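The next block is work.txt, given as compact mmCIF, C-alpha atoms.
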# COMPACT_ATOMS: atom_id res chain seq x y z
CA MET A 1 -37.64 106.22 66.75
CA ILE A 2 -40.82 105.07 65.00
CA LEU A 3 -39.36 106.13 61.68
CA LYS A 4 -36.24 104.07 62.32
CA PHE A 5 -38.37 101.05 63.27
CA LEU A 6 -40.46 101.32 60.10
CA THR A 7 -37.31 101.73 58.03
CA SER A 8 -35.86 98.56 59.57
CA VAL A 9 -39.07 96.60 58.89
CA LEU A 10 -39.15 97.74 55.28
CA PHE A 11 -35.48 96.87 54.87
CA LEU A 12 -35.99 93.35 56.23
CA ALA A 13 -39.05 92.85 54.04
CA SER A 14 -37.11 93.91 50.99
CA MET A 15 -34.28 91.53 51.90
CA VAL A 16 -36.74 88.62 52.18
CA SER A 17 -38.26 89.48 48.80
CA VAL A 18 -34.79 89.62 47.25
CA GLN A 19 -33.67 86.34 48.79
CA ALA A 20 -36.93 84.46 48.11
CA ALA A 21 -37.18 83.07 44.61
CA GLN A 22 -39.26 80.57 42.67
CA VAL A 23 -38.44 77.30 40.98
CA LEU A 24 -40.35 75.70 38.11
CA VAL A 25 -40.38 71.92 38.36
CA ALA A 26 -41.51 69.30 35.83
CA VAL A 27 -42.74 66.25 37.75
CA ALA A 28 -43.80 62.81 36.51
CA SER A 29 -47.47 62.28 37.35
CA ASN A 30 -46.91 59.28 39.62
CA PHE A 31 -45.01 61.55 41.99
CA THR A 32 -47.80 64.13 42.33
CA ALA A 33 -48.88 63.54 45.93
CA PRO A 34 -45.43 63.29 47.56
CA MET A 35 -44.09 66.23 45.55
CA GLN A 36 -46.97 68.45 46.61
CA LYS A 37 -46.15 67.73 50.27
CA ILE A 38 -42.42 68.18 49.71
CA ALA A 39 -43.08 71.53 48.05
CA GLN A 40 -45.18 72.69 50.99
CA LEU A 41 -42.46 71.79 53.49
CA PHE A 42 -39.78 73.38 51.33
CA GLU A 43 -41.70 76.64 50.99
CA ILE A 44 -42.23 76.85 54.75
CA GLU A 45 -38.57 76.21 55.51
CA THR A 46 -37.00 78.39 52.82
CA GLY A 47 -39.53 81.00 51.76
CA HIS A 48 -38.96 80.04 48.13
CA LYS A 49 -41.97 79.40 45.88
CA VAL A 50 -42.35 76.08 44.04
CA LEU A 51 -44.31 75.98 40.78
CA LEU A 52 -45.19 72.39 39.91
CA SER A 53 -46.19 71.00 36.54
CA PHE A 54 -47.30 67.35 36.33
CA GLY A 55 -47.35 65.15 33.25
CA SER A 56 -45.75 62.25 31.41
CA THR A 57 -42.00 61.89 31.20
CA GLY A 58 -42.09 61.70 27.41
CA SER A 59 -44.14 64.88 27.08
CA PHE A 60 -41.81 66.78 29.40
CA TYR A 61 -38.80 65.61 27.43
CA ALA A 62 -40.30 67.08 24.27
CA GLN A 63 -41.10 70.36 26.05
CA ILE A 64 -37.59 70.67 27.47
CA LYS A 65 -36.09 69.93 24.05
CA HIS A 66 -38.16 72.80 22.64
CA GLY A 67 -37.06 75.32 25.25
CA GLY A 68 -39.50 74.67 28.11
CA PRO A 69 -38.57 76.91 31.07
CA PHE A 70 -38.30 74.14 33.69
CA GLN A 71 -35.40 74.35 36.12
CA LEU A 72 -35.67 70.90 37.69
CA PHE A 73 -37.02 67.66 36.23
CA LEU A 74 -38.23 64.64 38.21
CA ALA A 75 -38.78 61.87 35.68
CA ALA A 76 -40.41 58.45 35.98
CA ASP A 77 -37.36 56.73 34.50
CA HIS A 78 -33.59 57.04 34.46
CA GLN A 79 -33.08 57.06 30.70
CA THR A 80 -34.68 60.44 30.02
CA PRO A 81 -32.61 62.49 32.51
CA ALA A 82 -29.50 60.68 31.26
CA LEU A 83 -30.38 61.64 27.70
CA LEU A 84 -30.95 65.27 28.68
CA GLU A 85 -27.55 65.32 30.38
CA LYS A 86 -25.93 63.80 27.29
CA GLU A 87 -27.62 66.36 25.04
CA GLY A 88 -26.38 69.21 27.18
CA LEU A 89 -29.83 70.23 28.43
CA GLY A 90 -29.23 69.01 31.98
CA VAL A 91 -26.41 70.02 34.29
CA ALA A 92 -23.69 67.36 34.27
CA GLY A 93 -23.23 65.59 37.59
CA THR A 94 -26.60 66.58 39.08
CA ARG A 95 -28.56 63.48 38.05
CA TRP A 96 -29.63 61.24 40.92
CA THR A 97 -32.21 58.56 41.76
CA TYR A 98 -34.88 60.02 44.02
CA ALA A 99 -37.21 56.99 44.08
CA VAL A 100 -37.83 53.50 42.75
CA GLY A 101 -41.48 53.02 41.83
CA GLN A 102 -43.72 49.99 42.14
CA LEU A 103 -46.40 48.95 39.66
CA VAL A 104 -49.81 47.75 40.83
CA LEU A 105 -52.96 46.43 39.21
CA TRP A 106 -55.88 48.19 40.86
CA SER A 107 -59.65 48.25 40.68
CA LYS A 108 -62.07 50.47 42.52
CA GLN A 109 -64.27 47.41 42.86
CA SER A 110 -63.64 45.24 45.89
CA GLY A 111 -62.82 41.64 45.01
CA MET A 112 -62.21 42.21 41.30
CA VAL A 113 -58.41 42.07 41.37
CA ASP A 114 -57.08 38.97 43.09
CA GLY A 115 -53.85 38.72 45.04
CA LYS A 116 -52.02 36.93 42.23
CA GLY A 117 -53.25 38.92 39.24
CA ASP A 118 -55.03 35.89 37.77
CA ILE A 119 -57.77 38.16 36.45
CA LEU A 120 -55.40 39.11 33.63
CA GLN A 121 -55.43 35.50 32.48
CA SER A 122 -59.20 35.15 32.70
CA GLY A 123 -59.88 38.46 30.92
CA LYS A 124 -63.24 38.78 32.66
CA PHE A 125 -63.51 42.55 32.28
CA GLN A 126 -64.33 45.00 29.51
CA LYS A 127 -61.59 47.62 29.78
CA ILE A 128 -58.13 47.83 31.34
CA ALA A 129 -56.34 51.16 31.74
CA LEU A 130 -52.65 51.86 31.43
CA ALA A 131 -50.52 54.90 30.70
CA HIS A 132 -49.35 55.32 27.12
CA PRO A 133 -46.27 53.09 26.93
CA LYS A 134 -44.43 55.45 24.57
CA LEU A 135 -44.82 58.40 26.94
CA ALA A 136 -44.94 56.96 30.45
CA PRO A 137 -42.52 54.43 31.99
CA TYR A 138 -45.30 52.92 34.11
CA GLY A 139 -47.21 52.20 30.92
CA ALA A 140 -44.14 50.56 29.41
CA ALA A 141 -43.82 48.45 32.58
CA ALA A 142 -47.47 47.40 32.29
CA VAL A 143 -46.88 46.21 28.72
CA GLU A 144 -43.82 44.29 29.90
CA VAL A 145 -45.92 42.53 32.57
CA MET A 146 -48.63 41.53 30.11
CA ARG A 147 -46.03 40.26 27.66
CA LYS A 148 -44.28 38.14 30.29
CA LEU A 149 -47.62 36.70 31.41
CA GLY A 150 -48.48 35.83 27.82
CA VAL A 151 -51.67 37.92 27.75
CA LEU A 152 -50.56 40.94 25.72
CA GLN A 153 -52.35 40.11 22.47
CA GLN A 154 -55.61 39.03 24.08
CA LEU A 155 -55.80 42.14 26.30
CA GLN A 156 -54.64 44.81 23.87
CA PRO A 157 -58.14 45.31 22.36
CA LYS A 158 -59.35 46.18 25.87
CA TRP A 159 -56.79 48.90 26.52
CA VAL A 160 -57.75 52.40 27.58
CA LEU A 161 -54.63 54.55 27.28
CA GLY A 162 -53.99 57.52 29.54
CA GLU A 163 -51.65 60.27 28.43
CA ASN A 164 -49.98 59.87 31.82
CA ILE A 165 -50.41 57.83 34.97
CA ALA A 166 -52.67 60.47 36.57
CA GLN A 167 -55.18 60.22 33.73
CA THR A 168 -54.91 56.44 33.91
CA TYR A 169 -55.86 56.55 37.58
CA GLN A 170 -58.89 58.71 36.71
CA PHE A 171 -60.09 56.16 34.15
CA ILE A 172 -60.11 53.51 36.88
CA HIS A 173 -61.43 55.77 39.61
CA THR A 174 -64.41 56.81 37.46
CA GLU A 175 -64.82 53.16 36.38
CA ASN A 176 -64.47 53.94 32.69
CA ALA A 177 -62.10 50.99 33.02
CA GLN A 178 -62.83 48.22 35.50
CA LEU A 179 -59.17 47.91 36.43
CA GLY A 180 -55.76 49.12 35.39
CA PHE A 181 -52.07 49.53 36.04
CA VAL A 182 -51.05 52.49 38.19
CA ALA A 183 -48.22 53.45 40.51
CA LEU A 184 -48.40 52.17 44.07
CA SER A 185 -47.87 55.76 45.24
CA GLN A 186 -51.26 56.73 43.79
CA ILE A 187 -53.20 54.31 45.97
CA TYR A 188 -50.96 54.08 49.03
CA THR A 189 -50.19 56.59 51.73
CA GLU A 190 -49.19 56.37 55.38
CA GLY A 191 -49.28 52.59 55.28
CA LYS A 192 -52.79 52.24 53.87
CA LEU A 193 -54.10 51.17 50.48
CA THR A 194 -56.99 52.97 48.81
CA PRO A 195 -60.24 50.93 49.06
CA GLY A 196 -60.84 48.55 46.21
CA SER A 197 -58.75 45.55 45.19
CA THR A 198 -55.03 45.51 44.44
CA TRP A 199 -52.28 43.27 43.14
CA VAL A 200 -48.79 44.58 43.80
CA VAL A 201 -47.01 43.31 40.70
CA PRO A 202 -43.87 41.29 41.57
CA GLY A 203 -40.70 43.07 40.56
CA HIS A 204 -39.42 40.19 38.43
CA LEU A 205 -42.20 40.83 35.89
CA TYR A 206 -40.91 44.25 34.82
CA SER A 207 -37.71 46.24 34.68
CA PRO A 208 -37.02 48.38 37.77
CA ILE A 209 -38.74 51.77 37.59
CA GLN A 210 -35.73 53.84 38.63
CA GLN A 211 -36.89 57.44 38.82
CA ASP A 212 -34.15 60.00 38.35
CA GLY A 213 -34.13 63.74 38.70
CA ILE A 214 -31.80 66.29 37.15
CA LEU A 215 -31.09 69.99 37.43
CA LEU A 216 -31.77 71.59 34.08
CA ASN A 217 -29.69 74.36 32.54
CA ALA A 218 -32.30 77.00 33.37
CA GLY A 219 -31.84 76.24 37.08
CA GLN A 220 -28.08 75.98 37.41
CA ASN A 221 -27.66 79.53 38.76
CA GLU A 222 -31.04 79.82 40.48
CA PRO A 223 -30.98 79.72 44.30
CA ALA A 224 -34.47 78.22 44.64
CA ALA A 225 -33.68 75.40 42.21
CA LEU A 226 -30.40 74.59 43.96
CA ALA A 227 -32.08 74.70 47.36
CA LEU A 228 -34.89 72.36 46.25
CA LEU A 229 -32.37 69.97 44.76
CA ALA A 230 -30.65 69.75 48.14
CA PHE A 231 -33.98 69.45 49.98
CA LEU A 232 -35.09 66.51 47.83
CA LYS A 233 -31.97 64.63 48.98
CA SER A 234 -32.61 65.33 52.67
CA ASP A 235 -33.64 62.66 55.18
CA GLN A 236 -36.92 64.50 55.66
CA ALA A 237 -37.83 64.24 51.98
CA LYS A 238 -36.62 60.64 51.73
CA ALA A 239 -38.85 59.58 54.63
CA LEU A 240 -41.86 61.23 53.04
CA ILE A 241 -41.16 59.56 49.70
CA LYS A 242 -40.97 56.13 51.36
CA SER A 243 -44.32 56.75 53.05
CA TYR A 244 -45.90 56.61 49.58
CA GLY A 245 -44.57 53.14 48.86
CA TYR A 246 -41.42 54.04 46.96
CA THR A 247 -38.15 52.30 47.65
CA ASP A 248 -34.61 53.55 47.17

Serialized structure, structure tokens:
Amino acid sequence: MILKFLTSVLFLASMVSVQAAQVLVAVASNFTAPMQKIAQLFEIETGHKVLLSFGSTGSFYAQIKHGGPFQLFLAADHQTPALLEKEGLGVAGTRWTYAVGQLVLWSKQSGMVDGKGDILQSGKFQKIALAHPKLAPYGAAAVEVMRKLGVLQQLQPKWVLGENIAQTYQFIHTENAQLGFVALSQIYTEGKLTPGSTWVVPGHLYSPIQQDGILLNAGQNEPAALALLAFLKSDQAKALIKSYGYTD
């Protein structure tokens, strides 16, 4: 009887190990916090393991082009996943918009950034951080804002460029730059802004940051990748994403 019980336990354990799988996901840096929580929930519900890699959209595109093993890609724009689909590196028909991001000007210092962003006109600061505009869509949006406000040339000598939006946040957080452009999701959670001073940049000053995801070729026959793709589209995931200030 005991032997039968142990045999059954071992059989069930082996079935779980066979059914459980892992998925390797490339994630735009602005989506770090919500994706970490989504991954935790997904692992609890499915038993699958999620391996997350965070970075700039442009860098991930280059890695995927050169055979990077990612199975799912969550970009910070819609152009890059569309290009991967066109080039045959993403699975046709799996591209979707998982979030629309918002750009903010933020300083760790209280009172530095005013509610209208007039500090950009005054230029009364030494350094301003933004993500590299050729690699990160949020950086490109920041450049678009400065151009529309007519302050691009006067502020460019003060730029501190982050390789991605996470590094940009660190420049501001450590006060290597007095202020900078980051994603709202980095300084907003559960209805509260991170201490400091913030200007939520009006949407008419930059093109919509439509963030698309796509199933990559390496994940098209992988159960964990397909399951995570479905989970990201669930009401549970959508509610969590909105709690970080994203819209849809």

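A straight line drawn from atom CA of Pro202 of chain A to atom CA of Asp248 of chain A is 16.4 Å long.
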
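For the choices A:Tyr206, A:Gly93, A:Ala227, A:Ser197, the atom-to-atom distance to Gly115 of chain A is smallest for A:Ser197 when using all atoms listed in the file.
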
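Picture a line from atom CA of Ser107 of chain A to atom CA of Tyr188 of chain A; it runs 13.4 Å.
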
Considering only C-alpha atoms, state which residue in the set A:Leu179, A:Val113, A:Ala166, A:Leu161 is at the smallest distance from Lys127 of chain A.
-> A:Leu179

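For the residues A:Lys238, A:His78, A:His204, A:Lys86, ranking by smallest atom-to-atom distance to Val145 of chain A using all atoms listed in the file places A:His204 first.
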
N, CA and C atoms are needed for segment 133-154 of chain A; please write them out as a tab-separated table (two decimals), in the coordinates of the input.
chain	number	residue	atom	x	y	z
A	133	PRO	N	-47.62	53.65	26.74
A	133	PRO	CA	-46.27	53.09	26.93
A	133	PRO	C	-45.15	53.86	26.25
A	134	LYS	N	-45.47	54.67	25.25
A	134	LYS	CA	-44.43	55.45	24.57
A	134	LYS	C	-44.14	56.76	25.28
A	135	LEU	N	-45.00	57.14	26.22
A	135	LEU	CA	-44.82	58.40	26.94
A	135	LEU	C	-44.49	58.20	28.41
A	136	ALA	N	-45.03	57.14	29.00
A	136	ALA	CA	-44.94	56.96	30.45
A	136	ALA	C	-44.27	55.63	30.81
A	137	PRO	N	-43.21	55.66	31.59
A	137	PRO	CA	-42.52	54.43	31.99
A	137	PRO	C	-43.41	53.41	32.69
A	138	TYR	N	-44.41	53.87	33.46
A	138	TYR	CA	-45.30	52.92	34.11
A	138	TYR	C	-46.16	52.19	33.09
A	139	GLY	N	-46.48	52.86	32.00
A	139	GLY	CA	-47.21	52.20	30.92
A	139	GLY	C	-46.34	51.17	30.23
A	140	ALA	N	-45.08	51.50	30.01
A	140	ALA	CA	-44.14	50.56	29.41
A	140	ALA	C	-43.97	49.34	30.31
A	141	ALA	N	-43.94	49.56	31.62
A	141	ALA	CA	-43.82	48.45	32.58
A	141	ALA	C	-45.05	47.56	32.53
A	142	ALA	N	-46.23	48.17	32.38
A	142	ALA	CA	-47.47	47.40	32.29
A	142	ALA	C	-47.46	46.49	31.07
A	143	VAL	N	-46.98	47.01	29.95
A	143	VAL	CA	-46.88	46.21	28.72
A	143	VAL	C	-45.91	45.05	28.94
A	144	GLU	N	-44.82	45.32	29.62
A	144	GLU	CA	-43.82	44.29	29.90
A	144	GLU	C	-44.43	43.17	30.74
A	145	VAL	N	-45.25	43.53	31.72
A	145	VAL	CA	-45.92	42.53	32.57
A	145	VAL	C	-46.85	41.66	31.74
A	146	MET	N	-47.68	42.29	30.92
A	146	MET	CA	-48.63	41.53	30.11
A	146	MET	C	-47.91	40.62	29.13
A	147	ARG	N	-46.80	41.09	28.59
A	147	ARG	CA	-46.03	40.26	27.66
A	147	ARG	C	-45.45	39.05	28.37
A	148	LYS	N	-44.89	39.25	29.54
A	148	LYS	CA	-44.28	38.14	30.29
A	148	LYS	C	-45.32	37.13	30.75
A	149	LEU	N	-46.54	37.60	30.99
A	149	LEU	CA	-47.62	36.70	31.41
A	149	LEU	C	-48.30	36.04	30.21
A	150	GLY	N	-47.92	36.44	29.01
A	150	GLY	CA	-48.48	35.83	27.82
A	150	GLY	C	-49.89	36.27	27.50
A	151	VAL	N	-50.29	37.47	27.97
A	151	VAL	CA	-51.67	37.92	27.75
A	151	VAL	C	-51.73	39.23	26.94
A	152	LEU	N	-50.61	39.64	26.39
A	152	LEU	CA	-50.56	40.94	25.72
A	152	LEU	C	-51.54	41.03	24.55
A	153	GLN	N	-51.50	40.06	23.67
A	153	GLN	CA	-52.35	40.11	22.47
A	153	GLN	C	-53.83	40.03	22.81
A	154	GLN	N	-54.19	39.19	23.76
A	154	GLN	CA	-55.61	39.03	24.08
A	154	GLN	C	-56.17	40.24	24.82
